[in-house]
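Here is the file protein34.txt (compact mmCIF, C-alpha atoms).
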# COMPACT_ATOMS: atom_id res chain seq x y z
CA MET A 1 122.41 105.60 144.40
CA ALA A 2 122.87 108.18 147.11
CA ALA A 3 119.78 110.00 148.26
CA LEU A 4 119.33 113.58 147.15
CA ALA A 5 119.50 116.38 149.67
CA LEU A 6 118.95 120.06 150.06
CA GLY A 7 122.26 121.13 151.51
CA LEU A 8 125.12 119.02 152.71
CA ALA A 9 124.13 116.14 154.94
CA ALA A 10 125.85 117.08 158.19
CA ALA A 11 123.07 117.24 160.68
CA CYS A 12 123.79 114.43 163.09
CA ARG A 13 127.51 114.56 163.61
CA ALA A 14 129.91 117.03 165.17
CA ALA A 15 129.63 120.39 163.38
CA PRO A 16 132.84 121.20 161.46
CA PRO A 17 134.17 124.75 161.11
CA PRO A 18 133.32 126.54 157.84
CA LYS A 19 135.49 125.29 154.99
CA GLN A 20 135.57 125.48 151.21
CA TYR A 21 135.90 122.53 148.81
CA ALA A 22 136.32 122.26 145.06
CA LEU A 23 133.41 120.50 143.34
CA THR A 24 133.10 119.27 139.76
CA GLY A 25 130.05 117.66 138.25
CA GLN A 26 126.97 117.88 136.06
CA VAL A 27 123.83 119.88 136.78
CA LEU A 28 120.78 117.60 136.67
CA ALA A 29 118.11 120.10 137.71
CA VAL A 30 117.77 123.82 138.43
CA HIS A 31 115.44 124.97 141.22
CA THR A 32 114.61 128.65 141.64
CA ASP A 33 112.51 128.85 144.80
CA PRO A 34 114.64 128.67 146.84
CA PRO A 35 117.77 128.84 144.63
CA ARG A 36 119.27 125.33 144.40
CA LEU A 37 121.06 123.04 141.99
CA THR A 38 120.88 119.27 141.86
CA VAL A 39 124.38 118.12 140.86
CA ARG A 40 125.81 114.70 140.14
CA HIS A 41 129.28 115.45 141.47
CA ASP A 42 132.63 113.70 141.49
CA ASP A 43 134.45 112.77 144.68
CA ILE A 44 134.97 115.87 146.84
CA GLU A 45 138.45 115.45 148.24
CA GLY A 46 138.47 115.42 152.02
CA LEU A 47 134.67 115.51 152.28
CA MET A 48 132.60 112.84 150.53
CA PRO A 49 132.48 110.38 147.63
CA GLY A 50 130.78 111.22 144.38
CA MET A 51 126.97 111.20 144.52
CA THR A 52 123.91 113.19 143.47
CA MET A 53 122.84 115.96 145.86
CA THR A 54 120.90 119.20 145.84
CA PHE A 55 122.77 122.24 147.13
CA GLU A 56 121.66 125.72 148.06
CA VAL A 57 123.12 128.46 145.86
CA ARG A 58 124.14 131.89 147.13
CA PRO A 59 123.87 134.46 145.76
CA ALA A 60 120.81 133.57 143.69
CA SER A 61 122.35 135.35 140.69
CA LEU A 62 124.63 132.30 140.27
CA LEU A 63 121.61 130.48 138.83
CA SER A 64 121.58 132.82 135.84
CA GLY A 65 122.32 130.79 132.72
CA ARG A 66 122.41 127.47 134.56
CA THR A 67 120.79 124.58 132.72
CA ALA A 68 120.30 120.84 133.11
CA GLY A 69 123.20 118.98 131.48
CA GLU A 70 125.73 121.70 132.19
CA LEU A 71 129.19 120.61 133.38
CA VAL A 72 130.48 122.87 136.13
CA ARG A 73 133.32 123.60 138.50
CA ALA A 74 132.11 125.10 141.75
CA THR A 75 133.13 126.08 145.26
CA LEU A 76 131.20 124.34 148.02
CA GLU A 77 131.24 126.23 151.30
CA VAL A 78 130.44 123.99 154.26
CA THR A 79 129.05 125.35 157.51
CA ASP A 80 127.85 123.44 160.56
CA ALA A 81 124.59 122.33 158.93
CA THR A 82 124.60 123.05 155.21
CA GLY A 83 126.69 123.04 152.09
CA VAL A 84 126.23 126.07 149.82
CA LEU A 85 127.58 126.63 146.32
CA VAL A 86 129.16 130.10 146.41
CA ALA A 87 130.94 130.09 143.02
CA ILE A 88 130.07 128.27 139.79
CA THR A 89 131.96 128.12 136.48
CA HIS A 90 130.61 126.64 133.24
CA VAL A 91 133.02 124.11 131.69
CA GLY A 92 130.85 122.25 129.20
CA LEU A 93 127.55 120.58 128.33
CA ALA A 94 126.49 116.93 128.07
CA PRO A 95 123.20 115.03 127.80
CA VAL A 96 121.44 114.46 131.12
CA PRO A 97 121.77 110.74 131.89
CA ASP A 98 118.66 108.61 131.67
CA SER A 99 119.19 107.17 135.15
CA PRO A 100 117.48 106.94 138.52
CA ALA A 101 119.59 109.88 139.70
CA GLY A 102 118.36 112.05 136.88
CA ALA A 103 114.77 111.00 137.43
CA LEU A 104 114.91 111.61 141.15
CA ALA A 105 116.48 115.02 140.67
CA ALA A 106 113.36 116.09 138.82
CA GLY A 107 111.21 114.57 141.56
CA LEU A 108 112.14 116.86 144.45
CA LEU A 109 109.01 118.28 146.00
CA GLU A 110 108.45 121.99 145.51
CA THR A 111 105.83 124.28 147.01
CA GLY A 112 102.47 123.25 145.56
CA ASP A 113 103.49 119.68 144.73
CA VAL A 114 101.40 116.75 145.98
CA VAL A 115 103.22 114.57 148.52
CA PRO A 116 103.42 110.96 147.27
CA ASP A 117 101.04 108.56 148.98
CA THR A 118 103.84 106.49 150.49
CA ALA A 119 102.79 103.90 153.08
CA LEU A 120 104.89 103.70 156.25
CA ILE A 121 104.46 101.99 159.63
CA ASP A 122 103.57 103.88 162.79
CA GLN A 123 104.65 103.32 166.40
CA ASP A 124 101.70 100.97 166.90
CA ASP A 125 102.83 98.80 163.96
CA ARG A 126 99.99 99.98 161.73
CA ARG A 127 100.39 100.64 158.02
CA ARG A 128 99.70 104.35 157.35
CA PRO A 129 99.52 105.74 153.79
CA PHE A 130 100.37 109.44 153.77
CA SER A 131 96.94 110.25 152.33
CA GLU A 132 95.60 109.46 155.81
CA TRP A 133 96.66 112.98 156.83
CA ARG A 134 94.57 114.64 154.12
CA GLY A 135 92.14 117.12 155.59
CA HIS A 136 94.66 118.42 158.15
CA LEU A 137 97.60 120.77 158.10
CA THR A 138 100.49 118.38 158.66
CA VAL A 139 104.02 119.18 159.79
CA VAL A 140 106.55 116.54 158.67
CA THR A 141 110.15 116.22 159.84
CA PHE A 142 112.91 113.59 159.60
CA THR A 143 114.88 112.45 162.67
CA TYR A 144 116.10 109.31 164.43
CA THR A 145 116.03 108.22 168.05
CA ARG A 146 119.78 107.55 168.46
CA CYS A 147 120.82 111.00 167.19
CA PRO A 148 123.54 112.20 169.61
CA LEU A 149 123.52 115.96 168.99
CA PRO A 150 121.08 118.04 171.06
CA ALA A 151 120.83 120.76 168.41
CA PHE A 152 119.57 118.41 165.71
CA CYS A 153 117.10 115.51 166.07
CA PRO A 154 116.48 116.07 169.81
CA LEU A 155 115.78 119.73 169.04
CA MET A 156 113.24 118.70 166.41
CA ASP A 157 111.56 116.45 169.02
CA GLN A 158 111.59 119.32 171.51
CA ASN A 159 110.10 121.70 168.93
CA PHE A 160 107.37 119.19 168.06
CA ALA A 161 106.56 118.73 171.75
CA THR A 162 106.20 122.51 172.05
CA LEU A 163 104.01 122.59 168.94
CA GLN A 164 101.83 119.82 170.36
CA ARG A 165 101.20 121.81 173.55
CA ALA A 166 100.47 125.00 171.59
CA ILE A 167 98.06 123.17 169.27
CA ALA A 168 96.15 121.78 172.25
CA GLU A 169 95.82 125.28 173.73
CA ASP A 170 94.78 127.07 170.52
CA GLY A 171 91.18 126.61 169.43
CA ARG A 172 92.08 127.62 165.89
CA LEU A 173 94.65 124.83 165.58
CA ARG A 174 93.23 122.11 167.83
CA GLY A 175 91.89 119.24 165.72
CA ARG A 176 93.20 120.80 162.50
CA VAL A 177 96.97 120.20 162.75
CA ARG A 178 98.95 116.96 162.82
CA LEU A 179 102.65 116.28 163.46
CA VAL A 180 104.60 113.48 161.76
CA SER A 181 108.18 112.41 162.58
CA VAL A 182 109.74 109.99 160.08
CA THR A 183 112.82 108.07 161.23
CA VAL A 184 115.85 107.90 158.94
CA ASP A 185 117.14 104.91 160.97
CA PRO A 186 114.41 102.31 160.29
CA ASP A 187 116.68 99.33 160.92
CA PHE A 188 116.95 100.34 164.58
CA ASP A 189 113.80 102.44 164.98
CA THR A 190 111.24 99.65 164.94
CA PRO A 191 107.63 100.38 165.93
CA ALA A 192 108.42 99.25 169.48
CA VAL A 193 111.41 101.61 169.71
CA LEU A 194 109.33 104.48 168.33
CA ARG A 195 106.49 103.70 170.75
CA ALA A 196 108.87 103.96 173.71
CA HIS A 197 110.39 107.13 172.27
CA ALA A 198 106.94 108.65 171.76
CA ALA A 199 106.07 107.87 175.38
CA ARG A 200 109.22 109.63 176.60
CA ARG A 201 108.27 112.64 174.51
CA ARG A 202 104.67 112.50 175.81
CA ALA A 203 103.44 112.44 172.24
CA ASP A 204 99.67 112.43 171.90
CA PRO A 205 98.98 109.80 169.21
CA ALA A 206 95.93 111.77 168.09
CA VAL A 207 98.27 114.62 167.11
CA TRP A 208 101.85 113.38 166.80
CA THR A 209 102.75 110.21 164.88
CA PHE A 210 106.14 108.51 164.50
CA LEU A 211 106.74 106.53 161.29
CA THR A 212 109.22 103.90 160.15
CA GLY A 213 109.35 101.35 157.32
CA ASP A 214 111.81 99.47 155.17
CA ARG A 215 114.96 101.47 154.52
CA LEU A 216 114.51 101.91 150.75
CA THR A 217 110.96 103.23 151.13
CA VAL A 218 111.97 105.60 153.94
CA GLU A 219 114.99 106.95 152.06
CA ARG A 220 113.02 107.45 148.84
CA PHE A 221 110.29 109.30 150.75
CA ALA A 222 112.87 111.44 152.58
CA ALA A 223 114.68 112.21 149.33
CA ARG A 224 111.49 113.67 147.84
CA PHE A 225 111.62 116.26 150.64
CA GLY A 226 115.31 116.94 150.01
CA VAL A 227 116.67 114.81 152.86
CA SER A 228 119.87 112.85 152.27
CA VAL A 229 120.83 109.93 154.50
CA LEU A 230 124.44 108.73 154.68
CA ARG A 231 125.64 105.90 156.90
CA GLU A 232 128.98 104.10 157.14
CA SER A 233 127.30 100.71 157.59
CA PRO A 234 123.81 99.31 158.16
CA ALA A 235 124.50 98.99 161.89
CA ALA A 236 126.06 102.44 162.32
CA ALA A 237 124.45 104.57 165.02
CA ASP A 238 126.07 107.76 163.74
CA ILE A 239 123.95 108.67 160.72
CA THR A 240 124.62 111.80 158.70
CA HIS A 241 121.54 113.56 157.37
CA ASN A 242 120.26 117.06 156.85
CA LEU A 243 117.16 118.58 158.44
CA ARG A 244 114.03 119.45 156.49
CA THR A 245 110.64 120.25 158.04
CA ALA A 246 107.64 120.65 155.75
CA ILE A 247 104.12 121.97 156.16
CA VAL A 248 101.67 120.01 154.02
CA GLY A 249 98.20 121.40 153.39
CA PRO A 250 94.87 119.59 153.84
CA ASP A 251 94.95 118.95 150.08
CA GLY A 252 98.18 116.98 150.41
CA ARG A 253 100.28 119.68 148.73
CA VAL A 254 103.50 121.13 150.10
CA ARG A 255 102.91 124.62 151.45
CA GLN A 256 106.30 125.39 152.93
CA ILE A 257 109.65 123.72 153.67
CA HIS A 258 112.05 124.82 156.41
CA THR A 259 115.71 123.90 156.00
CA GLY A 260 117.98 123.13 158.96
CA ASN A 261 117.32 123.77 162.63
CA ALA A 262 116.86 127.55 162.63
CA TRP A 263 113.05 127.51 162.64
CA THR A 264 111.28 127.93 165.97
CA PRO A 265 107.92 126.66 167.24
CA GLY A 266 106.74 130.27 167.30
CA SER A 267 107.59 130.90 163.66
CA LEU A 268 106.05 127.63 162.55
CA LEU A 269 102.88 128.28 164.54
CA ALA A 270 102.64 131.61 162.72
CA ASN A 271 102.97 129.72 159.41
CA LEU A 272 100.16 127.37 160.43
CA ARG A 273 97.85 130.19 161.47
CA ASP A 274 98.55 132.01 158.20
CA ALA A 275 97.73 128.82 156.28
CA LEU A 276 94.39 128.49 158.06
CA ARG A 277 93.47 132.08 157.13
CA GLN A 278 94.07 131.40 153.44
CA PRO A 279 91.25 129.94 151.33

Now, as a test, write the supplied structure out as structure tokens.
Amino acid sequence: MAALALGLAAACRAAPPPKQYALTGQVLAVHTDPPRLTVRHDDIEGLMPGMTMTFEVRPASLLSGRTAGELVRATLEVTDATGVLVAITHVGLAPVPDSPAGALAAGLLETGDVVPDTALIDQDDRRRPFSEWRGHLTVVTFTYTRCPLPAFCPLMDQNFATLQRAIAEDGRLRGRVRLVSVTVDPDFDTPAVLRAHAARRRADPAVWTFLTGDRLTVERFAARFGVSVLRESPAAADITHNLRTAIVGPDGRVRQIHTGNAWTPGSLLANLRDALRQP
């Protein structure tokens, strides 16, 4: 089963020009904040095989009347980083399948949800359950070390390096914020590879942790955050995935999720400072 995603997985390959595609499928879940639909869609000619994905919807008024089980025809508009449904037509209704895809669609993390206590492996080859980050504000993103496009995974690394410096210099944040980068290429990104990558990025292990694990566990964890991972083969270096960066509170609940690469260290630092001012 393909992993779910918020937006079209197009983050780590050459950005195509905007284009529209016809989509047909069944709505599995409706999400209102932000406006999104999880759709089990048929093959999209010229774009991708049939799978289950979560797409942004614009304008939000297109969600009016949408319901799980609805059969739809839609227009998918693809930009350089996301796929957005810009037109939706009702064509029928059918029972929602009792399948892993349907179950996972309902399992996408929303603001206020508790992050699952998934155990992954850090750059020092230590098992780390996610509950280990309880008690801190934690910023989580999904990247991989072989990503070739500077504006995607390398930009996330650069942003995290900037955040790390700012956290060290800010008495309000120092000791209270952690950074976590989860690889979506665990077959290649072993602990040793991540350790070397962390050294190149001058990551302080007391603040910034890199995580890997077996592929199924990693992809299930990423999918809960709305990250889809597509690869042509297990050995492929060119992995297609979307970008999602989440702020998780000290209580282990999602406070905020940023989509794509438009967020800046400055804006995220403002989010962190706002979170610390809230009870």

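Using all atoms listed in the file, the protein and nucleic acid residues lying no more than 9 Å from Asp113 in chain A, apart from those fewer than 2 places from it along its own chain, are A:Leu109, A:Glu110, A:Thr111, A:Val115, A:Gly252, A:Arg253, A:Val254, A:Arg255.
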
**Prompt:** Using only C-alpha atoms, which residues sit within 6 Å of range 213-221 of chain A once same-chain residues fewer than 3 positions away are excluded, as a ChimeraX atom specification?
**Reply:** /A:120-121,186,224

**Item:** For Ala203 in chain A: contacts at 12 Å, all atoms listed in the file, fewer than 3 positions along chain excluded, given as a PyMOL selection string
**Value:** chain A and resi 123+157-165+168+178-181+194-200+206-210

Atoms kept (C-alpha atoms) for selection, written as a compact mmCIF listing (two decimals), keeping the file's coordinate frame:
# COMPACT_ATOMS: atom_id res chain seq x y z
CA GLN A 123 104.65 103.32 166.40
CA ASP A 157 111.56 116.45 169.02
CA GLN A 158 111.59 119.32 171.51
CA ASN A 159 110.10 121.70 168.93
CA PHE A 160 107.37 119.19 168.06
CA ALA A 161 106.56 118.73 171.75
CA THR A 162 106.20 122.51 172.05
CA LEU A 163 104.01 122.59 168.94
CA GLN A 164 101.83 119.82 170.36
CA ARG A 165 101.20 121.81 173.55
CA ALA A 168 96.15 121.78 172.25
CA ARG A 178 98.95 116.96 162.82
CA LEU A 179 102.65 116.28 163.46
CA VAL A 180 104.60 113.48 161.76
CA SER A 181 108.18 112.41 162.58
CA LEU A 194 109.33 104.48 168.33
CA ARG A 195 106.49 103.70 170.75
CA ALA A 196 108.87 103.96 173.71
CA HIS A 197 110.39 107.13 172.27
CA ALA A 198 106.94 108.65 171.76
CA ALA A 199 106.07 107.87 175.38
CA ARG A 200 109.22 109.63 176.60
CA ALA A 206 95.93 111.77 168.09
CA VAL A 207 98.27 114.62 167.11
CA TRP A 208 101.85 113.38 166.80
CA THR A 209 102.75 110.21 164.88
CA PHE A 210 106.14 108.51 164.50

**Message:** Just to confirm, what's the straight-line distance from CA of Pro148 in chain A to CA of Asp125 in chain A in Å (one decimal)?
**Reply:** 25.3 Å

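Compared by their closest atoms to Leu37 in chain A, and using only C-alpha atoms, the residues A:Val229, A:Asp170, A:Gln20, A:Thr67 rank with A:Thr67 nearest.
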
**Request:** With a distance cut-off of 9 Å and only C-alpha atoms, select the neighbouring residues of Asn261 in chain A, excluding the residue or stretch itself and same-chain residues fewer than 5 positions from it, and output the selection as a PyMOL selection string.
**Result:** chain A and resi 11+81+151-153+155-156+243-245

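Checking A:Thr79, A:Thr52, A:Asn242, A:Ser131 one by one against Pro18 in chain A, counting only C-alpha atoms, you find the shortest gap at A:Thr79.
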
**Message:** Using all atoms listed in the file for the distances, tell me which of A:Val177, A:Ala192, A:Ala94, A:Leu211 is nearest to Pro129 in chain A.
**Reply:** A:Leu211

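Closest approach to Glu56 in chain A among A:His41, A:Leu137, A:Asp33, A:Cys147 is made by A:Asp33 (distances from all atoms listed in the file).
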
**Message:** I'd like the contact shell of Ala68 in chain A - 10 Å cut-off, all atoms listed in the file, skipping same-chain residues fewer than 6 positions apart - returned as a PyMOL selection string.
**Reply:** chain A and resi 26-30+37-39+93-96+102
